[in-house]
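Structure data (compact mmCIF, N, CA, C and O atoms) from work-v4.txt:
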```txt
# COMPACT_ATOMS: atom_id res chain seq x y z
N MET D 506 74.29 88.05 108.45
CA MET D 506 74.78 89.40 108.26
C MET D 506 75.61 89.43 106.97
O MET D 506 76.46 88.59 106.76
N SER D 507 75.34 90.38 106.11
CA SER D 507 76.06 90.46 104.84
C SER D 507 77.33 91.29 104.98
O SER D 507 77.46 92.09 105.91
N VAL D 508 78.23 91.13 104.03
CA VAL D 508 79.48 91.88 104.04
C VAL D 508 79.21 93.38 103.92
O VAL D 508 80.00 94.20 104.37
N ALA D 509 78.07 93.77 103.34
CA ALA D 509 77.73 95.19 103.20
C ALA D 509 77.53 95.87 104.55
O ALA D 509 77.58 97.08 104.65
N GLU D 510 77.31 95.08 105.61
CA GLU D 510 77.14 95.65 106.94
C GLU D 510 78.48 95.86 107.64
O GLU D 510 78.52 96.43 108.71
N TYR D 511 79.54 95.39 107.04
CA TYR D 511 80.87 95.55 107.59
C TYR D 511 81.62 96.60 106.79
O TYR D 511 81.23 96.93 105.68
N GLY D 512 82.70 97.08 107.34
CA GLY D 512 83.55 97.99 106.60
C GLY D 512 84.92 97.39 106.41
O GLY D 512 85.24 96.35 106.97
N VAL D 513 85.71 98.07 105.60
CA VAL D 513 87.07 97.62 105.35
C VAL D 513 87.99 98.84 105.40
O VAL D 513 87.60 99.93 104.98
N ALA D 514 89.17 98.64 105.94
CA ALA D 514 90.15 99.71 106.03
C ALA D 514 91.00 99.72 104.76
O ALA D 514 91.52 98.68 104.35
N THR D 515 91.13 100.89 104.17
CA THR D 515 91.83 100.98 102.89
C THR D 515 93.32 100.63 102.92
O THR D 515 93.87 100.28 101.87
N PRO D 516 94.02 100.65 104.07
CA PRO D 516 95.42 100.21 104.03
C PRO D 516 95.58 98.77 103.55
O PRO D 516 96.64 98.39 103.07
N LEU D 517 94.51 97.98 103.63
CA LEU D 517 94.56 96.61 103.13
C LEU D 517 94.82 96.56 101.63
O LEU D 517 95.25 95.54 101.11
N MET D 518 94.57 97.66 100.95
CA MET D 518 94.77 97.73 99.51
C MET D 518 96.22 98.07 99.13
O MET D 518 96.57 98.11 97.97
N GLY D 519 97.05 98.31 100.16
CA GLY D 519 98.46 98.59 99.92
C GLY D 519 98.67 99.81 99.03
O GLY D 519 98.03 100.83 99.22
N ASP D 520 99.53 99.66 98.04
CA ASP D 520 99.87 100.74 97.12
C ASP D 520 99.02 100.73 95.85
O ASP D 520 99.34 101.40 94.88
N MET D 521 97.94 99.96 95.88
CA MET D 521 97.07 99.87 94.71
C MET D 521 96.55 101.26 94.34
O MET D 521 96.23 102.06 95.21
N PRO D 522 96.48 101.58 93.06
CA PRO D 522 95.90 102.86 92.66
C PRO D 522 94.46 103.01 93.17
O PRO D 522 93.74 102.01 93.32
N ARG D 523 94.06 104.23 93.46
CA ARG D 523 92.76 104.50 94.08
C ARG D 523 91.59 103.86 93.33
O ARG D 523 90.77 103.18 93.95
N GLY D 524 91.52 104.06 92.05
CA GLY D 524 90.39 103.52 91.29
C GLY D 524 90.28 102.01 91.41
O GLY D 524 89.19 101.47 91.63
N ARG D 525 91.40 101.34 91.28
CA ARG D 525 91.42 99.88 91.38
C ARG D 525 91.08 99.43 92.80
O ARG D 525 90.29 98.51 93.00
N ALA D 526 91.68 100.07 93.80
CA ALA D 526 91.44 99.69 95.20
C ALA D 526 89.97 99.83 95.56
O ALA D 526 89.38 98.92 96.16
N LEU D 527 89.37 100.95 95.21
CA LEU D 527 87.96 101.16 95.55
C LEU D 527 87.06 100.19 94.80
O LEU D 527 86.06 99.71 95.34
N GLN D 528 87.43 99.87 93.56
CA GLN D 528 86.63 98.91 92.79
C GLN D 528 86.69 97.53 93.44
O GLN D 528 85.68 96.83 93.54
N VAL D 529 87.89 97.12 93.89
CA VAL D 529 88.04 95.82 94.57
C VAL D 529 87.16 95.78 95.82
O VAL D 529 86.47 94.79 96.08
N ILE D 530 87.18 96.86 96.58
CA ILE D 530 86.36 96.93 97.80
C ILE D 530 84.88 96.83 97.46
O ILE D 530 84.14 96.05 98.08
N ALA D 531 84.44 97.59 96.48
CA ALA D 531 83.02 97.56 96.08
C ALA D 531 82.64 96.19 95.52
O ALA D 531 81.57 95.66 95.85
N ASP D 532 83.49 95.61 94.69
CA ASP D 532 83.20 94.31 94.10
C ASP D 532 83.12 93.21 95.15
O ASP D 532 82.41 92.22 94.96
N ALA D 533 83.83 93.39 96.27
CA ALA D 533 83.77 92.41 97.36
C ALA D 533 82.49 92.54 98.17
O ALA D 533 82.22 91.70 99.04
N GLY D 534 81.72 93.58 97.89
CA GLY D 534 80.44 93.75 98.57
C GLY D 534 80.45 94.70 99.74
O GLY D 534 79.42 94.91 100.38
N PHE D 535 81.60 95.28 100.03
CA PHE D 535 81.66 96.25 101.12
C PHE D 535 81.01 97.56 100.68
O PHE D 535 81.04 97.92 99.51
N ARG D 536 80.45 98.27 101.65
CA ARG D 536 79.85 99.57 101.37
C ARG D 536 80.42 100.66 102.28
O ARG D 536 80.24 101.83 102.00
N ARG D 537 81.10 100.27 103.35
CA ARG D 537 81.70 101.24 104.28
C ARG D 537 83.21 101.08 104.26
O ARG D 537 83.72 99.96 104.24
N VAL D 538 83.90 102.22 104.30
CA VAL D 538 85.36 102.18 104.30
C VAL D 538 85.93 103.08 105.39
O VAL D 538 85.33 104.09 105.75
N GLU D 539 87.07 102.66 105.90
CA GLU D 539 87.88 103.52 106.74
C GLU D 539 89.06 103.94 105.88
O GLU D 539 89.80 103.10 105.37
N LEU D 540 89.20 105.24 105.70
CA LEU D 540 90.25 105.79 104.85
C LEU D 540 91.49 106.11 105.67
O LEU D 540 91.39 106.77 106.70
N TRP D 541 92.61 105.66 105.20
CA TRP D 541 93.87 105.98 105.86
C TRP D 541 94.35 107.31 105.30
O TRP D 541 94.50 107.48 104.09
N ALA D 542 94.60 108.26 106.16
CA ALA D 542 95.02 109.60 105.75
C ALA D 542 96.54 109.71 105.77
O ALA D 542 97.11 110.47 106.54
N ALA D 543 97.17 108.94 104.93
CA ALA D 543 98.63 108.97 104.86
C ALA D 543 99.04 109.54 103.51
O ALA D 543 98.41 109.24 102.49
N PRO D 544 100.08 110.35 103.49
CA PRO D 544 100.56 110.89 102.22
C PRO D 544 100.83 109.76 101.22
O PRO D 544 101.43 108.75 101.56
N GLY D 545 100.32 109.93 100.02
CA GLY D 545 100.52 108.94 98.96
C GLY D 545 99.45 107.87 98.87
O GLY D 545 99.25 107.28 97.82
N HIS D 546 98.74 107.60 99.96
CA HIS D 546 97.75 106.52 99.97
C HIS D 546 96.57 106.85 99.07
O HIS D 546 96.07 107.98 99.07
N LEU D 547 96.12 105.86 98.32
CA LEU D 547 95.01 106.03 97.37
C LEU D 547 95.25 107.25 96.48
O LEU D 547 94.42 108.15 96.36
N ASP D 548 96.40 107.23 95.84
CA ASP D 548 96.80 108.33 94.94
C ASP D 548 96.80 109.67 95.65
O ASP D 548 96.41 110.69 95.09
N ASP D 549 97.25 109.67 96.90
CA ASP D 549 97.38 110.88 97.71
C ASP D 549 96.04 111.61 97.85
O ASP D 549 95.94 112.82 97.63
N TRP D 550 95.04 110.87 98.28
CA TRP D 550 93.68 111.44 98.36
C TRP D 550 93.60 112.65 99.26
O TRP D 550 92.75 113.53 99.04
N ILE D 551 94.48 112.75 100.27
CA ILE D 551 94.39 113.89 101.18
C ILE D 551 94.73 115.21 100.49
O ILE D 551 94.38 116.28 100.99
N ALA D 552 95.39 115.14 99.32
CA ALA D 552 95.68 116.35 98.56
C ALA D 552 94.46 116.83 97.78
O ALA D 552 94.42 117.97 97.34
N GLY D 553 93.47 115.96 97.61
CA GLY D 553 92.26 116.31 96.86
C GLY D 553 91.07 115.50 97.32
O GLY D 553 90.59 114.64 96.58
N PRO D 554 90.58 115.73 98.54
CA PRO D 554 89.49 114.93 99.08
C PRO D 554 88.21 114.95 98.24
O PRO D 554 87.47 113.97 98.22
N ALA D 555 87.95 116.04 97.53
CA ALA D 555 86.72 116.11 96.73
C ALA D 555 86.72 115.05 95.64
O ALA D 555 85.67 114.44 95.35
N GLY D 556 87.87 114.79 95.04
CA GLY D 556 87.96 113.75 94.02
C GLY D 556 87.69 112.37 94.58
O GLY D 556 87.02 111.55 93.97
N LEU D 557 88.21 112.11 95.77
CA LEU D 557 87.95 110.83 96.42
C LEU D 557 86.47 110.69 96.73
O LEU D 557 85.88 109.64 96.51
N ARG D 558 85.87 111.75 97.21
CA ARG D 558 84.44 111.68 97.55
C ARG D 558 83.61 111.34 96.31
O ARG D 558 82.68 110.53 96.38
N ARG D 559 83.95 111.91 95.17
CA ARG D 559 83.24 111.57 93.92
C ARG D 559 83.42 110.10 93.58
O ARG D 559 82.46 109.43 93.19
N ASP D 560 84.64 109.59 93.73
CA ASP D 560 84.90 108.18 93.44
C ASP D 560 84.11 107.27 94.37
O ASP D 560 83.56 106.25 93.94
N LEU D 561 84.07 107.62 95.65
CA LEU D 561 83.31 106.81 96.62
C LEU D 561 81.83 106.82 96.26
O LEU D 561 81.18 105.75 96.25
N ASP D 562 81.29 107.99 95.98
CA ASP D 562 79.87 108.09 95.63
C ASP D 562 79.55 107.26 94.39
O ASP D 562 78.52 106.57 94.35
N ARG D 563 80.40 107.33 93.40
CA ARG D 563 80.17 106.60 92.15
C ARG D 563 80.08 105.10 92.39
O ARG D 563 79.31 104.40 91.73
N LEU D 564 80.84 104.59 93.35
CA LEU D 564 80.86 103.16 93.64
C LEU D 564 79.92 102.75 94.77
O LEU D 564 79.88 101.59 95.16
N GLY D 565 79.19 103.71 95.32
CA GLY D 565 78.27 103.38 96.41
C GLY D 565 78.97 103.09 97.73
O GLY D 565 78.45 102.35 98.56
N LEU D 566 80.15 103.68 97.92
CA LEU D 566 80.91 103.46 99.15
C LEU D 566 80.73 104.64 100.09
O LEU D 566 80.72 105.79 99.67
N THR D 567 80.60 104.33 101.37
CA THR D 567 80.43 105.35 102.39
C THR D 567 81.71 105.45 103.21
O THR D 567 82.17 104.45 103.77
N PRO D 568 82.28 106.64 103.30
CA PRO D 568 83.46 106.81 104.14
C PRO D 568 83.05 106.92 105.60
O PRO D 568 82.66 107.98 106.07
N PHE D 569 83.09 105.80 106.31
CA PHE D 569 82.66 105.78 107.70
C PHE D 569 83.64 106.53 108.60
O PHE D 569 83.24 107.29 109.47
N SER D 570 84.94 106.32 108.36
CA SER D 570 85.95 106.93 109.23
C SER D 570 87.21 107.25 108.46
O SER D 570 87.45 106.72 107.38
N VAL D 571 88.00 108.13 109.05
CA VAL D 571 89.32 108.48 108.55
C VAL D 571 90.31 108.13 109.65
O VAL D 571 90.11 108.52 110.80
N HIS D 572 91.32 107.40 109.29
CA HIS D 572 92.37 107.03 110.25
C HIS D 572 93.51 108.00 110.08
O HIS D 572 94.11 108.09 109.01
N SER D 573 93.82 108.75 111.14
CA SER D 573 94.88 109.75 111.05
C SER D 573 96.22 109.10 110.75
O SER D 573 96.46 107.96 111.14
N PRO D 574 97.11 109.83 110.08
CA PRO D 574 98.44 109.28 109.83
C PRO D 574 99.23 109.18 111.13
O PRO D 574 98.94 109.89 112.10
N SER D 575 100.22 108.33 111.14
CA SER D 575 101.00 108.11 112.36
C SER D 575 101.68 109.40 112.85
O SER D 575 101.93 109.54 114.04
N SER D 576 101.92 110.35 111.96
CA SER D 576 102.54 111.61 112.40
C SER D 576 101.62 112.40 113.33
O SER D 576 102.07 113.30 114.03
N GLY D 577 100.34 112.05 113.37
CA GLY D 577 99.40 112.72 114.27
C GLY D 577 99.22 112.02 115.61
O GLY D 577 98.43 112.45 116.43
N TRP D 578 99.97 110.97 115.84
CA TRP D 578 99.78 110.19 117.06
C TRP D 578 100.57 110.69 118.25
O TRP D 578 100.26 110.36 119.39
N HIS D 579 101.61 111.47 118.04
CA HIS D 579 102.56 111.80 119.10
C HIS D 579 102.15 113.04 119.89
O HIS D 579 102.96 113.93 120.16
N THR D 580 100.91 113.06 120.32
CA THR D 580 100.38 114.23 121.03
C THR D 580 100.88 114.32 122.47
O THR D 580 100.66 115.34 123.13
N ALA D 581 101.54 113.30 122.96
CA ALA D 581 102.08 113.32 124.32
C ALA D 581 103.61 113.28 124.31
O ALA D 581 104.23 113.01 125.33
N ASP D 582 104.20 113.59 123.19
CA ASP D 582 105.66 113.57 123.08
C ASP D 582 106.27 114.62 124.00
O ASP D 582 105.68 115.68 124.25
N SER D 583 107.47 114.35 124.51
CA SER D 583 108.14 115.30 125.40
C SER D 583 108.64 116.53 124.65
O SER D 583 108.84 117.59 125.25
N ASP D 584 108.81 116.43 123.36
CA ASP D 584 109.27 117.55 122.54
C ASP D 584 108.06 118.40 122.12
O ASP D 584 107.17 117.91 121.42
N PRO D 585 108.01 119.66 122.52
CA PRO D 585 106.85 120.50 122.20
C PRO D 585 106.62 120.68 120.70
O PRO D 585 105.48 120.81 120.26
N GLU D 586 107.68 120.67 119.91
CA GLU D 586 107.50 120.80 118.45
C GLU D 586 106.85 119.56 117.86
O GLU D 586 106.01 119.65 116.96
N VAL D 587 107.23 118.39 118.36
CA VAL D 587 106.62 117.14 117.90
C VAL D 587 105.14 117.13 118.30
O VAL D 587 104.28 116.77 117.50
N ARG D 588 104.85 117.54 119.54
CA ARG D 588 103.45 117.61 119.99
C ARG D 588 102.64 118.55 119.12
O ARG D 588 101.54 118.24 118.69
N ARG D 589 103.19 119.71 118.86
CA ARG D 589 102.48 120.72 118.05
C ARG D 589 102.19 120.17 116.65
O ARG D 589 101.09 120.31 116.13
N ALA D 590 103.18 119.56 116.05
CA ALA D 590 103.00 118.98 114.71
C ALA D 590 101.95 117.87 114.73
O ALA D 590 101.13 117.76 113.81
N ALA D 591 101.95 117.06 115.79
CA ALA D 591 100.97 115.98 115.91
C ALA D 591 99.56 116.54 116.03
O ALA D 591 98.62 116.05 115.40
N VAL D 592 99.39 117.57 116.83
CA VAL D 592 98.07 118.19 116.99
C VAL D 592 97.62 118.80 115.67
O VAL D 592 96.45 118.66 115.27
N GLU D 593 98.53 119.45 114.95
CA GLU D 593 98.18 120.03 113.65
C GLU D 593 97.74 118.95 112.67
O GLU D 593 96.77 119.13 111.93
N THR D 594 98.45 117.83 112.66
CA THR D 594 98.08 116.72 111.78
C THR D 594 96.73 116.15 112.16
O THR D 594 95.90 115.85 111.30
N THR D 595 96.49 116.00 113.46
CA THR D 595 95.20 115.49 113.91
C THR D 595 94.07 116.44 113.52
O THR D 595 93.02 115.99 113.04
N CYS D 596 94.29 117.72 113.67
CA CYS D 596 93.28 118.71 113.25
C CYS D 596 93.03 118.62 111.75
O CYS D 596 91.88 118.70 111.30
N LYS D 597 94.09 118.43 110.98
CA LYS D 597 93.94 118.29 109.53
C LYS D 597 93.13 117.04 109.20
O LYS D 597 92.32 117.05 108.28
N SER D 598 93.31 115.99 109.99
CA SER D 598 92.54 114.76 109.78
C SER D 598 91.04 115.01 109.94
O SER D 598 90.22 114.43 109.23
N LEU D 599 90.69 115.88 110.88
CA LEU D 599 89.28 116.25 111.06
C LEU D 599 88.75 116.95 109.82
O LEU D 599 87.62 116.70 109.39
N GLU D 600 89.55 117.80 109.23
CA GLU D 600 89.15 118.48 108.00
C GLU D 600 88.97 117.49 106.86
O GLU D 600 87.99 117.56 106.11
N TRP D 601 89.94 116.57 106.71
CA TRP D 601 89.83 115.57 105.64
C TRP D 601 88.57 114.73 105.81
O TRP D 601 87.89 114.42 104.84
N ALA D 602 88.28 114.36 107.06
CA ALA D 602 87.06 113.57 107.31
C ALA D 602 85.82 114.36 106.90
O ALA D 602 84.92 113.81 106.26
N ALA D 603 85.77 115.61 107.28
CA ALA D 603 84.61 116.44 106.90
C ALA D 603 84.52 116.57 105.39
O ALA D 603 83.41 116.51 104.83
N ASP D 604 85.64 116.71 104.72
CA ASP D 604 85.64 116.87 103.26
C ASP D 604 85.08 115.66 102.53
O ASP D 604 84.51 115.80 101.45
N VAL D 605 85.28 114.47 103.09
CA VAL D 605 84.76 113.26 102.42
C VAL D 605 83.46 112.76 103.03
O VAL D 605 82.87 111.81 102.53
N GLY D 606 83.02 113.38 104.11
CA GLY D 606 81.76 112.98 104.72
C GLY D 606 81.85 111.90 105.78
O GLY D 606 80.85 111.28 106.13
N ALA D 607 83.03 111.68 106.31
CA ALA D 607 83.20 110.68 107.38
C ALA D 607 82.88 111.32 108.72
O ALA D 607 83.26 112.46 108.97
N GLY D 608 82.21 110.59 109.59
CA GLY D 608 81.82 111.12 110.88
C GLY D 608 82.74 110.74 112.02
O GLY D 608 82.53 111.16 113.15
N VAL D 609 83.78 109.94 111.73
CA VAL D 609 84.67 109.45 112.77
C VAL D 609 86.12 109.65 112.33
O VAL D 609 86.43 109.42 111.15
N VAL D 610 86.97 110.06 113.25
CA VAL D 610 88.41 110.10 113.00
C VAL D 610 89.08 109.24 114.05
O VAL D 610 88.83 109.40 115.24
N VAL D 611 89.92 108.33 113.61
CA VAL D 611 90.64 107.45 114.51
C VAL D 611 92.03 108.03 114.74
O VAL D 611 92.75 108.33 113.79
N VAL D 612 92.38 108.20 116.01
CA VAL D 612 93.68 108.75 116.40
C VAL D 612 94.25 107.85 117.48
O VAL D 612 93.52 107.36 118.34
N HIS D 613 95.54 107.65 117.46
CA HIS D 613 96.23 106.86 118.49
C HIS D 613 97.16 107.81 119.25
O HIS D 613 98.36 107.85 118.97
N PRO D 614 96.66 108.56 120.20
CA PRO D 614 97.53 109.48 120.91
C PRO D 614 98.55 108.72 121.74
O PRO D 614 98.22 107.74 122.41
N SER D 615 99.80 109.17 121.64
CA SER D 615 100.87 108.49 122.35
C SER D 615 102.08 109.41 122.43
O SER D 615 102.05 110.54 121.97
N SER D 616 103.13 108.90 123.00
CA SER D 616 104.43 109.56 122.95
C SER D 616 105.33 108.70 122.11
O SER D 616 105.07 107.51 121.93
N SER D 617 106.39 109.27 121.60
CA SER D 617 107.28 108.46 120.75
C SER D 617 108.37 107.83 121.57
O SER D 617 108.50 108.00 122.74
```
What would you get if you wrote out this structure as structure tokens?
Amino acid sequence: MSVAEYGVATPLMGDMPRGRALQVIADAGFRRVELWAAPGHLDDWIAGPAGLRRDLDRLGLTPFSVHSPSSGWHTADSDPEVRRAAVETTCKSLEWAADVGAGVVVVHPSSS
């Protein structure tokens, strides 16, 4: 089985700029990525998903999934405002996934 059949999660790239991070992933032979939807990650891709999609396409990378930010995990919190904000973030993650062409969104529903 080749590395191209596996994916890699972009948080492994840390604070690396988007272009460099995606190039490292592509050069390693990966073709599928899980994108972390956290503010600032990969040059704040969630503020401009279309730009990220162009970069992925250029490098032959497929966005398999989007991992919601931790602020979207607290859907069972006892505070209704925290729950509401978590649901809104999770819904936004679905939009970001659609914008980049990912078919899966990873969410960790929990209470804080």
Q: Could you give me, as a ChimeraX atom specification, the residues that sit within 8 Å of (88.0, 98.4, 103.7) in the file's coordinates, counting all atoms listed in the file?
A: /D:511-518,526,530,535-540
Could you write out that same residue set with N, CA, C and O atoms as a PDB file, in the frame of the given file?
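Dumped everything to again10.pdb:
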```pdb
ATOM      1  N   TYR D 511      79.540  95.390 107.040  1.00  0.00           N
ATOM      2  CA  TYR D 511      80.870  95.550 107.590  1.00  0.00           C
ATOM      3  C   TYR D 511      81.620  96.600 106.790  1.00  0.00           C
ATOM      4  O   TYR D 511      81.230  96.930 105.680  1.00  0.00           O
ATOM      5  N   GLY D 512      82.700  97.080 107.340  1.00  0.00           N
ATOM      6  CA  GLY D 512      83.550  97.990 106.600  1.00  0.00           C
ATOM      7  C   GLY D 512      84.920  97.390 106.410  1.00  0.00           C
ATOM      8  O   GLY D 512      85.240  96.350 106.970  1.00  0.00           O
ATOM      9  N   VAL D 513      85.710  98.070 105.600  1.00  0.00           N
ATOM     10  CA  VAL D 513      87.070  97.620 105.350  1.00  0.00           C
ATOM     11  C   VAL D 513      87.990  98.840 105.400  1.00  0.00           C
ATOM     12  O   VAL D 513      87.600  99.930 104.980  1.00  0.00           O
ATOM     13  N   ALA D 514      89.170  98.640 105.940  1.00  0.00           N
ATOM     14  CA  ALA D 514      90.150  99.710 106.030  1.00  0.00           C
ATOM     15  C   ALA D 514      91.000  99.720 104.760  1.00  0.00           C
ATOM     16  O   ALA D 514      91.520  98.680 104.350  1.00  0.00           O
ATOM     17  N   THR D 515      91.130 100.890 104.170  1.00  0.00           N
ATOM     18  CA  THR D 515      91.830 100.980 102.890  1.00  0.00           C
ATOM     19  C   THR D 515      93.320 100.630 102.920  1.00  0.00           C
ATOM     20  O   THR D 515      93.870 100.280 101.870  1.00  0.00           O
ATOM     21  N   PRO D 516      94.020 100.650 104.070  1.00  0.00           N
ATOM     22  CA  PRO D 516      95.420 100.210 104.030  1.00  0.00           C
ATOM     23  C   PRO D 516      95.580  98.770 103.550  1.00  0.00           C
ATOM     24  O   PRO D 516      96.640  98.390 103.070  1.00  0.00           O
ATOM     25  N   LEU D 517      94.510  97.980 103.630  1.00  0.00           N
ATOM     26  CA  LEU D 517      94.560  96.610 103.130  1.00  0.00           C
ATOM     27  C   LEU D 517      94.820  96.560 101.630  1.00  0.00           C
ATOM     28  O   LEU D 517      95.250  95.540 101.110  1.00  0.00           O
ATOM     29  N   MET D 518      94.570  97.660 100.950  1.00  0.00           N
ATOM     30  CA  MET D 518      94.770  97.730  99.510  1.00  0.00           C
ATOM     31  C   MET D 518      96.220  98.070  99.130  1.00  0.00           C
ATOM     32  O   MET D 518      96.570  98.110  97.970  1.00  0.00           O
ATOM     33  N   ALA D 526      91.680 100.070  93.800  1.00  0.00           N
ATOM     34  CA  ALA D 526      91.440  99.690  95.200  1.00  0.00           C
ATOM     35  C   ALA D 526      89.970  99.830  95.560  1.00  0.00           C
ATOM     36  O   ALA D 526      89.380  98.920  96.160  1.00  0.00           O
ATOM     37  N   ILE D 530      87.180  96.860  96.580  1.00  0.00           N
ATOM     38  CA  ILE D 530      86.360  96.930  97.800  1.00  0.00           C
ATOM     39  C   ILE D 530      84.880  96.830  97.460  1.00  0.00           C
ATOM     40  O   ILE D 530      84.140  96.050  98.080  1.00  0.00           O
ATOM     41  N   PHE D 535      81.600  95.280 100.030  1.00  0.00           N
ATOM     42  CA  PHE D 535      81.660  96.250 101.120  1.00  0.00           C
ATOM     43  C   PHE D 535      81.010  97.560 100.680  1.00  0.00           C
ATOM     44  O   PHE D 535      81.040  97.920  99.510  1.00  0.00           O
ATOM     45  N   ARG D 536      80.450  98.270 101.650  1.00  0.00           N
ATOM     46  CA  ARG D 536      79.850  99.570 101.370  1.00  0.00           C
ATOM     47  C   ARG D 536      80.420 100.660 102.280  1.00  0.00           C
ATOM     48  O   ARG D 536      80.240 101.830 102.000  1.00  0.00           O
ATOM     49  N   ARG D 537      81.100 100.270 103.350  1.00  0.00           N
ATOM     50  CA  ARG D 537      81.700 101.240 104.280  1.00  0.00           C
ATOM     51  C   ARG D 537      83.210 101.080 104.260  1.00  0.00           C
ATOM     52  O   ARG D 537      83.720  99.960 104.240  1.00  0.00           O
ATOM     53  N   VAL D 538      83.900 102.220 104.300  1.00  0.00           N
ATOM     54  CA  VAL D 538      85.360 102.180 104.300  1.00  0.00           C
ATOM     55  C   VAL D 538      85.930 103.080 105.390  1.00  0.00           C
ATOM     56  O   VAL D 538      85.330 104.090 105.750  1.00  0.00           O
ATOM     57  N   GLU D 539      87.070 102.660 105.900  1.00  0.00           N
ATOM     58  CA  GLU D 539      87.880 103.520 106.740  1.00  0.00           C
ATOM     59  C   GLU D 539      89.060 103.940 105.880  1.00  0.00           C
ATOM     60  O   GLU D 539      89.800 103.100 105.370  1.00  0.00           O
ATOM     61  N   LEU D 540      89.200 105.240 105.700  1.00  0.00           N
ATOM     62  CA  LEU D 540      90.250 105.790 104.850  1.00  0.00           C
ATOM     63  C   LEU D 540      91.490 106.110 105.670  1.00  0.00           C
ATOM     64  O   LEU D 540      91.390 106.770 106.700  1.00  0.00           O
TER      65      LEU D 540
END
```
(Q) So the first atom is atom C of Pro554 of chain D and the second is atom O of Asp604 of chain D; what is the distance between them in Å, to one decimal place? (A) 5.0 Å
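Nearest to Ser598 of chain D of all the residues D:Ala542, D:Leu557, D:Leu564, D:Ala581 is D:Ala542, based on all atoms listed in the file.
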**Q.** Shell around segment 585-592 of chain D at 12 Å using only C-alpha atoms, local window under 3 positions removed, as a ChimeraX atom specification
**A.** /D:573-582,595-599,612-617
Q: DSSP on the backbone, then: every residue of segment 545-615 of chain D marked alpha helix (DSSP H), written as a VMD selection string.
A: chain D and resid 546 to 549 554 to 564 585 to 605
Q.
My list of candidates is D:Leu547, D:Val610, D:Leu527, D:Met521. Which is closest to Val571 of chain D when distances are computed with all atoms listed in the file?
A. D:Val610
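What separates atom CA of Arg523 of chain D from atom O of Gly608 of chain D is a distance of 22.6 Å.
What separates atom CA of Val609 of chain D from atom CA of Arg558 of chain D is a distance of 15.4 Å.
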Would you pull segment 518-529 of chain D out of the block just shown and save N, CA, C and O atoms as a PDB file, in the first residue's frame?
```
ATOM      1  N   MET D 518       1.414  19.986  10.586  1.00  0.00           N
ATOM      2  CA  MET D 518       2.270  20.998   9.980  1.00  0.00           C
ATOM      3  C   MET D 518       2.476  22.209  10.894  1.00  0.00           C
ATOM      4  O   MET D 518       3.208  23.121  10.565  1.00  0.00           O
ATOM      5  N   GLY D 519       1.814  22.185  12.058  1.00  0.00           N
ATOM      6  CA  GLY D 519       1.983  23.262  13.035  1.00  0.00           C
ATOM      7  C   GLY D 519       1.612  24.623  12.467  1.00  0.00           C
ATOM      8  O   GLY D 519       0.593  24.766  11.806  1.00  0.00           O
ATOM      9  N   ASP D 520       2.476  25.597  12.692  1.00  0.00           N
ATOM     10  CA  ASP D 520       2.250  26.972  12.242  1.00  0.00           C
ATOM     11  C   ASP D 520       2.880  27.260  10.882  1.00  0.00           C
ATOM     12  O   ASP D 520       3.002  28.417  10.484  1.00  0.00           O
ATOM     13  N   MET D 521       3.277  26.211  10.182  1.00  0.00           N
ATOM     14  CA  MET D 521       3.908  26.383   8.884  1.00  0.00           C
ATOM     15  C   MET D 521       2.964  27.141   7.941  1.00  0.00           C
ATOM     16  O   MET D 521       1.758  26.912   7.955  1.00  0.00           O
ATOM     17  N   PRO D 522       3.476  28.055   7.141  1.00  0.00           N
ATOM     18  CA  PRO D 522       2.615  28.735   6.167  1.00  0.00           C
ATOM     19  C   PRO D 522       1.948  27.732   5.223  1.00  0.00           C
ATOM     20  O   PRO D 522       2.506  26.671   4.932  1.00  0.00           O
ATOM     21  N   ARG D 523       0.754  28.067   4.764  1.00  0.00           N
ATOM     22  CA  ARG D 523      -0.051  27.143   3.961  1.00  0.00           C
ATOM     23  C   ARG D 523       0.697  26.581   2.757  1.00  0.00           C
ATOM     24  O   ARG D 523       0.708  25.367   2.554  1.00  0.00           O
ATOM     25  N   GLY D 524       1.303  27.431   1.975  1.00  0.00           N
ATOM     26  CA  GLY D 524       1.988  26.952   0.775  1.00  0.00           C
ATOM     27  C   GLY D 524       3.065  25.933   1.088  1.00  0.00           C
ATOM     28  O   GLY D 524       3.167  24.899   0.432  1.00  0.00           O
ATOM     29  N   ARG D 525       3.861  26.228   2.091  1.00  0.00           N
ATOM     30  CA  ARG D 525       4.938  25.316   2.490  1.00  0.00           C
ATOM     31  C   ARG D 525       4.371  24.020   3.060  1.00  0.00           C
ATOM     32  O   ARG D 525       4.830  22.927   2.721  1.00  0.00           O
ATOM     33  N   ALA D 526       3.375  24.120   3.923  1.00  0.00           N
ATOM     34  CA  ALA D 526       2.779  22.933   4.546  1.00  0.00           C
ATOM     35  C   ALA D 526       2.196  21.997   3.495  1.00  0.00           C
ATOM     36  O   ALA D 526       2.441  20.783   3.529  1.00  0.00           O
ATOM     37  N   LEU D 527       1.437  22.542   2.563  1.00  0.00           N
ATOM     38  CA  LEU D 527       0.829  21.697   1.539  1.00  0.00           C
ATOM     39  C   LEU D 527       1.879  21.089   0.623  1.00  0.00           C
ATOM     40  O   LEU D 527       1.747  19.936   0.193  1.00  0.00           O
ATOM     41  N   GLN D 528       2.937  21.838   0.349  1.00  0.00           N
ATOM     42  CA  GLN D 528       4.013  21.304  -0.488  1.00  0.00           C
ATOM     43  C   GLN D 528       4.708  20.135   0.209  1.00  0.00           C
ATOM     44  O   GLN D 528       5.013  19.119  -0.411  1.00  0.00           O
ATOM     45  N   VAL D 529       4.957  20.274   1.519  1.00  0.00           N
ATOM     46  CA  VAL D 529       5.585  19.187   2.295  1.00  0.00           C
ATOM     47  C   VAL D 529       4.702  17.938   2.233  1.00  0.00           C
ATOM     48  O   VAL D 529       5.196  16.826   2.027  1.00  0.00           O
TER      49      VAL D 529
END
```
